[in-house]
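Visitor: Here it is, the structure, as structure tokens.
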Amino acid sequence: MPESTTTTSPKKRLVFVAFIVVIVTSAILAALGYHYLTYRNALMQNAVIRSGQMSVRVCVDDLEQAILAEENRMILDVAVARSELLDAKRLARINQRYPMIDTLFLHPTLSSEARDNPLQAWLIRRVQQDVATRPTQPLKLRHLSGWLNDQPVQVGFVLLAGGSADSPGQYLIFTLDLHAIQTRLLSEHQQIHDHIVIRENVSSEHAGAEDPFVVEASFGQILPFWTLTSTIDNQGMTSRSRMEFVIYSTLIVFLFGLILLSVYFIWRQVHHEKKLSLVKSQMISHVSHELKTPLSLIRMYTETLLLGRVETPEKKESYYRIILGECDHLHLLINNTLDFSSIEKGMKEYHFKCGNLAEVLEHLVSQYHDYFTQQGFAVCVAIDNDIPNSFFDPLAINQVFGNLLDNAIKFSPDEKKIYLALSVKEGEMKVEVTDCGIGMRPDGVAAIFAPYTRLSSKFRGSGIGLSLVKHAVDAHGGTIQVLSKPGAGSTFIVTLPIREGADDA
């Protein structure tokens, strides 16, 4: 027993350590998986946001380039027409060819204002202020922006050099058609960006959008009062993130369940080995006790005979018979242990020979007669006439019914009667061993043939005898049945087929 405890204790510690390792590993896997998914989603989100910002910036740059190209073409047309003959009608026709240009006019010296046109007067003043701070160069396009009557105005002007002394330079002043520009921008880029919006900056201290999926880009010198805003469609990324989260979570749960299942099987195996080790230890203890009893009797009666304390021949013969009976009982116990070991290793062999079962049973009862008498049991034998010969293993059959009779003696502490009957019916031999002992419950009947099974610790036994009986009966192609009730004794019915010919097995 102490040996069993010392061998299973490290296994228990191993299972406990394995369980702790599983919990810690699972927690680490879950944390790593969560951080990995969070990091991956953050990377995807940042990549999408950067892509959206670059795309919106490209839209702004494209629009500015388009405006500059149209302005340069318009300036070229005005310069060519001015060298020939440029009147108000031709200037109006030029203006119509460029939809992004709203107001277009020429002013000679910026010295006077157009009092009859408030917009032109405002434009001239703004150009005068800019020219006063930064000297102009001929054909150098410059831009201004401002607010007139709470409406944004984008101004462009250029100094057209004069062709002669009679034709001095003139300022070409124009404004952009913001509505046309906005319509063109939205129509060209609506398919690329969802919910593209041009927002007017109320103040220069405007803060950017708080939503990370709303990207924006401000215009430069042209249209500085506008900010281009676009909402990124993150439904696809959200769906993909959700799908990846479900997949990784399922994988982590699966691995966690697999590890727990492995730990369960390890614990179950260790528990089974511990139980088996304990049962084997108990079996060794019980077998040792069973072997010790006949050995003590043999030693006691042998010493008595050697010391010459037995005087009458009848008494000596009685002692010799007791010694012989205990030797037979000891032989049965040793054979049980050896045969059980052979069965566990898969090395048990049965040797079938032609014989008569009635003769085997009669010899068995005669062999154990003194043992039965010593234990105070009366054995009633009923054997039918004309029992046919059959092929069986005599040693195995002798062991089968020796174990059944030995069990009947063990579990009959009060009424010491045993009935042994042999009959033939429909090509089968039926042997019944009946005792008047303690009996068994139905759940006990179903478990008694399993190895190491002992229904009560009050009675001696190793728990392997009936498993040997079942194995031998099955090897002979027979069946064994148990009829028992608590307090009413038990009947073991062994049915063996009559085999008229067989080879050694």
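Chain identifiers are assigned as A, B, and so on, following the order in which chains appear in the structure tokens; residues are numbered from 1 within each chain, and ligands are numbered from 1 in order of appearance.
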Can I get the residues of stretch 233-348 of chain A within 9 Å of stretch 396-418 of chain A, each with the closest pair of atoms and their distance in Å to one decimal, using only C-alpha atoms, sorted chain first then ascending number, as a tab-separated table?
Guide:
residue	atom	partner	partner_atom	distance
A:His329	CA	A:Asp406	CA	8.8
A:Leu332	CA	A:Gln399	CA	6.9
A:Leu333	CA	A:Asn403	CA	9.0
A:Asn335	CA	A:Gln399	CA	8.1
A:Asn336	CA	A:Gln399	CA	7.8
Visitor: Write out as a PyMOL selection string the residues lying within 7 Å of A:Gly478, counting only C-alpha atoms and excluding same-chain residues fewer than 6 positions away.
Guide: chain A and resi 495-497
Visitor: At a cut-off of 12 Å, using only C-alpha atoms, what residues contact A:Asp62? Leave out same-chain residues fewer than 6 positions from it and give the result as an MDAnalysis selection string.
Guide: chainID A and resid 55:56 68:69 181 184:185 188:189 219
Visitor: With N, CA, C and O atoms retained, write the just-selected residues as a PDB file, in the first residue's frame.
Guide:
ATOM      1  N   SER A  55      -6.595  59.447 -51.596  1.00  0.00           N
ATOM      2  CA  SER A  55      -7.529  59.572 -52.716  1.00  0.00           C
ATOM      3  C   SER A  55      -8.219  60.929 -52.720  1.00  0.00           C
ATOM      4  O   SER A  55      -8.382  61.562 -53.781  1.00  0.00           O
ATOM      5  N   VAL A  56      -8.602  61.392 -51.540  1.00  0.00           N
ATOM      6  CA  VAL A  56      -9.254  62.712 -51.454  1.00  0.00           C
ATOM      7  C   VAL A  56      -8.258  63.806 -51.816  1.00  0.00           C
ATOM      8  O   VAL A  56      -8.598  64.786 -52.500  1.00  0.00           O
ATOM      9  N   LEU A  68      -6.553  75.456 -63.027  1.00  0.00           N
ATOM     10  CA  LEU A  68      -5.410  76.186 -63.568  1.00  0.00           C
ATOM     11  C   LEU A  68      -5.317  76.029 -65.081  1.00  0.00           C
ATOM     12  O   LEU A  68      -5.009  77.001 -65.808  1.00  0.00           O
ATOM     13  N   ALA A  69      -5.566  74.834 -65.591  1.00  0.00           N
ATOM     14  CA  ALA A  69      -5.498  74.615 -67.038  1.00  0.00           C
ATOM     15  C   ALA A  69      -6.553  75.445 -67.754  1.00  0.00           C
ATOM     16  O   ALA A  69      -6.283  76.073 -68.795  1.00  0.00           O
ATOM     17  N   ILE A 181     -17.914  74.391 -60.547  1.00  0.00           N
ATOM     18  CA  ILE A 181     -16.777  73.598 -60.075  1.00  0.00           C
ATOM     19  C   ILE A 181     -17.250  72.473 -59.156  1.00  0.00           C
ATOM     20  O   ILE A 181     -16.809  71.321 -59.259  1.00  0.00           O
ATOM     21  N   ARG A 184     -18.978  69.723 -61.173  1.00  0.00           N
ATOM     22  CA  ARG A 184     -18.012  68.930 -61.930  1.00  0.00           C
ATOM     23  C   ARG A 184     -17.242  67.976 -61.020  1.00  0.00           C
ATOM     24  O   ARG A 184     -17.039  66.805 -61.343  1.00  0.00           O
ATOM     25  N   LEU A 185     -16.822  68.475 -59.870  1.00  0.00           N
ATOM     26  CA  LEU A 185     -16.056  67.635 -58.953  1.00  0.00           C
ATOM     27  C   LEU A 185     -16.899  66.473 -58.455  1.00  0.00           C
ATOM     28  O   LEU A 185     -16.448  65.313 -58.443  1.00  0.00           O
ATOM     29  N   GLU A 188     -17.511  63.782 -61.229  1.00  0.00           N
ATOM     30  CA  GLU A 188     -16.358  62.992 -61.642  1.00  0.00           C
ATOM     31  C   GLU A 188     -15.904  61.991 -60.579  1.00  0.00           C
ATOM     32  O   GLU A 188     -15.383  60.927 -60.914  1.00  0.00           O
ATOM     33  N   HIS A 189     -16.119  62.322 -59.314  1.00  0.00           N
ATOM     34  CA  HIS A 189     -15.547  61.481 -58.254  1.00  0.00           C
ATOM     35  C   HIS A 189     -16.584  60.824 -57.360  1.00  0.00           C
ATOM     36  O   HIS A 189     -16.224  60.162 -56.382  1.00  0.00           O
ATOM     37  N   PHE A 219      -8.266  72.694 -49.657  1.00  0.00           N
ATOM     38  CA  PHE A 219      -7.709  73.254 -50.881  1.00  0.00           C
ATOM     39  C   PHE A 219      -6.579  74.221 -50.531  1.00  0.00           C
ATOM     40  O   PHE A 219      -6.471  74.679 -49.392  1.00  0.00           O
TER      41      PHE A 219
END
Visitor: With only C-alpha atoms as the basis for distance, which of A:Leu186, A:Leu85, A:Val310, A:Val22 is at the shortest distance from A:Gly257?
Guide: A:Val22
Visitor: Please identify all polymer residues within 6 Å of A:Ile101, counting only C-alpha atoms, omitting same-chain residues fewer than 2 positions from it, and present them as a list in words.
Guide: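 Near neighbours after the sequence-gap exclusion: Tyr98, Pro99, Leu176 and Asp177 of chain A.
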Visitor: Output all heavy atoms for every residue in the selection just made, as a PDB file, in the first residue's frame.
Guide:
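again.pdb, written as the output of this step:
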ATOM      1  N   TYR A  98     -15.730  78.875 -71.281  1.00  0.00           N
ATOM      2  CA  TYR A  98     -15.100  78.311 -70.084  1.00  0.00           C
ATOM      3  C   TYR A  98     -16.124  78.291 -68.943  1.00  0.00           C
ATOM      4  O   TYR A  98     -16.357  79.316 -68.278  1.00  0.00           O
ATOM      5  CB  TYR A  98     -13.866  79.137 -69.692  1.00  0.00           C
ATOM      6  CG  TYR A  98     -12.830  79.145 -70.802  1.00  0.00           C
ATOM      7  CD1 TYR A  98     -12.763  80.198 -71.719  1.00  0.00           C
ATOM      8  CD2 TYR A  98     -11.945  78.075 -70.943  1.00  0.00           C
ATOM      9  CE1 TYR A  98     -11.832  80.189 -72.741  1.00  0.00           C
ATOM     10  CE2 TYR A  98     -11.010  78.073 -71.973  1.00  0.00           C
ATOM     11  CZ  TYR A  98     -10.965  79.129 -72.863  1.00  0.00           C
ATOM     12  OH  TYR A  98     -10.054  79.112 -73.886  1.00  0.00           O
ATOM     13  N   PRO A  99     -16.743  77.128 -68.696  1.00  0.00           N
ATOM     14  CA  PRO A  99     -17.846  77.065 -67.721  1.00  0.00           C
ATOM     15  C   PRO A  99     -17.396  77.328 -66.287  1.00  0.00           C
ATOM     16  O   PRO A  99     -18.223  77.706 -65.450  1.00  0.00           O
ATOM     17  CB  PRO A  99     -18.377  75.647 -67.885  1.00  0.00           C
ATOM     18  CG  PRO A  99     -17.262  74.874 -68.503  1.00  0.00           C
ATOM     19  CD  PRO A  99     -16.521  75.841 -69.355  1.00  0.00           C
ATOM     20  N   LEU A 176     -14.269  82.620 -60.282  1.00  0.00           N
ATOM     21  CA  LEU A 176     -14.626  81.240 -60.622  1.00  0.00           C
ATOM     22  C   LEU A 176     -16.074  80.975 -60.280  1.00  0.00           C
ATOM     23  O   LEU A 176     -16.612  81.487 -59.279  1.00  0.00           O
ATOM     24  CB  LEU A 176     -13.738  80.250 -59.868  1.00  0.00           C
ATOM     25  CG  LEU A 176     -12.224  80.334 -60.154  1.00  0.00           C
ATOM     26  CD1 LEU A 176     -11.488  79.276 -59.357  1.00  0.00           C
ATOM     27  CD2 LEU A 176     -11.949  80.174 -61.641  1.00  0.00           C
ATOM     28  N   ASP A 177     -16.702  80.124 -61.131  1.00  0.00           N
ATOM     29  CA  ASP A 177     -18.086  79.709 -60.886  1.00  0.00           C
ATOM     30  C   ASP A 177     -18.047  78.535 -59.911  1.00  0.00           C
ATOM     31  O   ASP A 177     -17.809  77.382 -60.291  1.00  0.00           O
ATOM     32  CB  ASP A 177     -18.741  79.311 -62.206  1.00  0.00           C
ATOM     33  CG  ASP A 177     -20.250  79.112 -62.054  1.00  0.00           C
ATOM     34  OD1 ASP A 177     -20.698  78.910 -60.897  1.00  0.00           O
ATOM     35  OD2 ASP A 177     -20.957  79.123 -63.080  1.00  0.00           O
TER      36      ASP A 177
END
Visitor: Just list as an MDAnalysis selection string whatever in stretch 171-404 of chain A DSSP marks as helix (DSSP H, G or I).
Guide: chainID A and resid 178:189 235:306 313:344 357:367 369:375 394:404
Visitor: One decimal, in Å: what's the spacing between atom CA of A:Val153 and atom CA of A:Glu200?
Guide: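 These two atoms are separated by 11.6 Å.
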Visitor: Can you tell me, as a PDB file with N, CA, C and O atoms, in the first residue's frame, what residues are no more than 12 Å from A:Pro388 when counting only C-alpha atoms, ignoring any on the same chain fewer than 6 positions away?
Guide:
ATOM      1  N   CYS A 354     -10.520 -35.347 -25.103  1.00  0.00           N
ATOM      2  CA  CYS A 354     -11.785 -36.068 -24.950  1.00  0.00           C
ATOM      3  C   CYS A 354     -11.876 -36.615 -23.527  1.00  0.00           C
ATOM      4  O   CYS A 354     -10.941 -37.252 -23.014  1.00  0.00           O
ATOM      5  N   GLY A 355     -12.975 -36.349 -22.866  1.00  0.00           N
ATOM      6  CA  GLY A 355     -13.155 -36.817 -21.495  1.00  0.00           C
ATOM      7  C   GLY A 355     -14.610 -36.785 -21.107  1.00  0.00           C
ATOM      8  O   GLY A 355     -15.498 -36.414 -21.898  1.00  0.00           O
ATOM      9  N   ASN A 356     -14.856 -37.172 -19.868  1.00  0.00           N
ATOM     10  CA  ASN A 356     -16.219 -37.218 -19.358  1.00  0.00           C
ATOM     11  C   ASN A 356     -16.331 -36.196 -18.245  1.00  0.00           C
ATOM     12  O   ASN A 356     -15.581 -36.257 -17.254  1.00  0.00           O
ATOM     13  N   LEU A 357     -17.261 -35.263 -18.401  1.00  0.00           N
ATOM     14  CA  LEU A 357     -17.405 -34.189 -17.429  1.00  0.00           C
ATOM     15  C   LEU A 357     -17.847 -34.716 -16.074  1.00  0.00           C
ATOM     16  O   LEU A 357     -17.441 -34.194 -15.029  1.00  0.00           O
ATOM     17  N   ALA A 358     -18.658 -35.773 -16.086  1.00  0.00           N
ATOM     18  CA  ALA A 358     -19.115 -36.342 -14.813  1.00  0.00           C
ATOM     19  C   ALA A 358     -17.946 -36.868 -14.006  1.00  0.00           C
ATOM     20  O   ALA A 358     -17.862 -36.667 -12.781  1.00  0.00           O
ATOM     21  N   GLU A 359     -17.012 -37.522 -14.686  1.00  0.00           N
ATOM     22  CA  GLU A 359     -15.842 -38.041 -13.985  1.00  0.00           C
ATOM     23  C   GLU A 359     -14.985 -36.914 -13.429  1.00  0.00           C
ATOM     24  O   GLU A 359     -14.446 -37.025 -12.311  1.00  0.00           O
ATOM     25  N   LEU A 422     -25.370 -31.981 -12.431  1.00  0.00           N
ATOM     26  CA  LEU A 422     -24.956 -32.076 -13.829  1.00  0.00           C
ATOM     27  C   LEU A 422     -26.051 -32.765 -14.616  1.00  0.00           C
ATOM     28  O   LEU A 422     -26.507 -33.863 -14.244  1.00  0.00           O
ATOM     29  N   SER A 423     -26.493 -32.127 -15.708  1.00  0.00           N
ATOM     30  CA  SER A 423     -27.549 -32.704 -16.542  1.00  0.00           C
ATOM     31  C   SER A 423     -27.244 -32.434 -18.003  1.00  0.00           C
ATOM     32  O   SER A 423     -26.423 -31.569 -18.333  1.00  0.00           O
ATOM     33  N   VAL A 424     -27.907 -33.188 -18.866  1.00  0.00           N
ATOM     34  CA  VAL A 424     -27.734 -33.051 -20.309  1.00  0.00           C
ATOM     35  C   VAL A 424     -29.094 -32.768 -20.921  1.00  0.00           C
ATOM     36  O   VAL A 424     -30.093 -33.446 -20.601  1.00  0.00           O
ATOM     37  N   LYS A 425     -29.101 -31.760 -21.835  1.00  0.00           N
ATOM     38  CA  LYS A 425     -30.351 -31.420 -22.508  1.00  0.00           C
ATOM     39  C   LYS A 425     -30.036 -30.733 -23.824  1.00  0.00           C
ATOM     40  O   LYS A 425     -29.288 -29.754 -23.845  1.00  0.00           O
ATOM     41  N   GLY A 427     -28.230 -31.436 -26.471  1.00  0.00           N
ATOM     42  CA  GLY A 427     -26.858 -31.319 -26.928  1.00  0.00           C
ATOM     43  C   GLY A 427     -25.983 -30.421 -26.093  1.00  0.00           C
ATOM     44  O   GLY A 427     -24.905 -30.009 -26.549  1.00  0.00           O
ATOM     45  N   GLU A 428     -26.394 -30.095 -24.880  1.00  0.00           N
ATOM     46  CA  GLU A 428     -25.607 -29.251 -23.989  1.00  0.00           C
ATOM     47  C   GLU A 428     -25.537 -29.875 -22.604  1.00  0.00           C
ATOM     48  O   GLU A 428     -26.477 -30.559 -22.155  1.00  0.00           O
ATOM     49  N   MET A 429     -24.430 -29.641 -21.935  1.00  0.00           N
ATOM     50  CA  MET A 429     -24.269 -30.075 -20.552  1.00  0.00           C
ATOM     51  C   MET A 429     -24.422 -28.862 -19.642  1.00  0.00           C
ATOM     52  O   MET A 429     -23.783 -27.827 -19.855  1.00  0.00           O
ATOM     53  N   PRO A 497     -21.303 -26.763 -24.498  1.00  0.00           N
ATOM     54  CA  PRO A 497     -21.749 -27.588 -25.621  1.00  0.00           C
ATOM     55  C   PRO A 497     -21.019 -28.940 -25.621  1.00  0.00           C
ATOM     56  O   PRO A 497     -19.867 -29.038 -25.178  1.00  0.00           O
ATOM     57  N   ILE A 498     -21.711 -29.949 -26.119  1.00  0.00           N
ATOM     58  CA  ILE A 498     -21.092 -31.271 -26.259  1.00  0.00           C
ATOM     59  C   ILE A 498     -20.320 -31.273 -27.568  1.00  0.00           C
ATOM     60  O   ILE A 498     -20.901 -31.203 -28.656  1.00  0.00           O
ATOM     61  N   ARG A 499     -19.009 -31.329 -27.459  1.00  0.00           N
ATOM     62  CA  ARG A 499     -18.151 -31.271 -28.637  1.00  0.00           C
ATOM     63  C   ARG A 499     -17.638 -32.679 -28.906  1.00  0.00           C
ATOM     64  O   ARG A 499     -16.889 -33.269 -28.113  1.00  0.00           O
ATOM     65  N   GLU A 500     -18.048 -33.224 -30.038  1.00  0.00           N
ATOM     66  CA  GLU A 500     -17.694 -34.611 -30.348  1.00  0.00           C
ATOM     67  C   GLU A 500     -16.292 -34.726 -30.934  1.00  0.00           C
ATOM     68  O   GLU A 500     -15.762 -35.830 -31.020  1.00  0.00           O
TER      69      GLU A 500
END
Visitor: Quick check, in Å to one decimal: how far apart do atom CA of A:Lys274 and atom CA of A:Ser26 lie?
Guide: 27.8 Å
Visitor: Per DSSP on the backbone, filter stretch 317-462 of chain A down to the residues in strand (DSSP E or B) and report them as a list of chain:residue names.
Guide: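 Reading the DSSP output for stretch 317-462 of chain A, strand (DSSP E or B) covers A:Lys353, A:Cys354, A:Gly355, A:Ala378, A:Val379, A:Cys380, A:Val381, A:Ala382, A:Ile383, A:Ser390, A:Phe391, A:Phe392, A:Lys417, A:Ile418, A:Tyr419, A:Leu420, A:Ala421, A:Leu422, A:Ser423, A:Val424, A:Lys425, A:Glu428, A:Met429, A:Lys430, A:Val431, A:Glu432, A:Val433, A:Thr434, A:Asp435.
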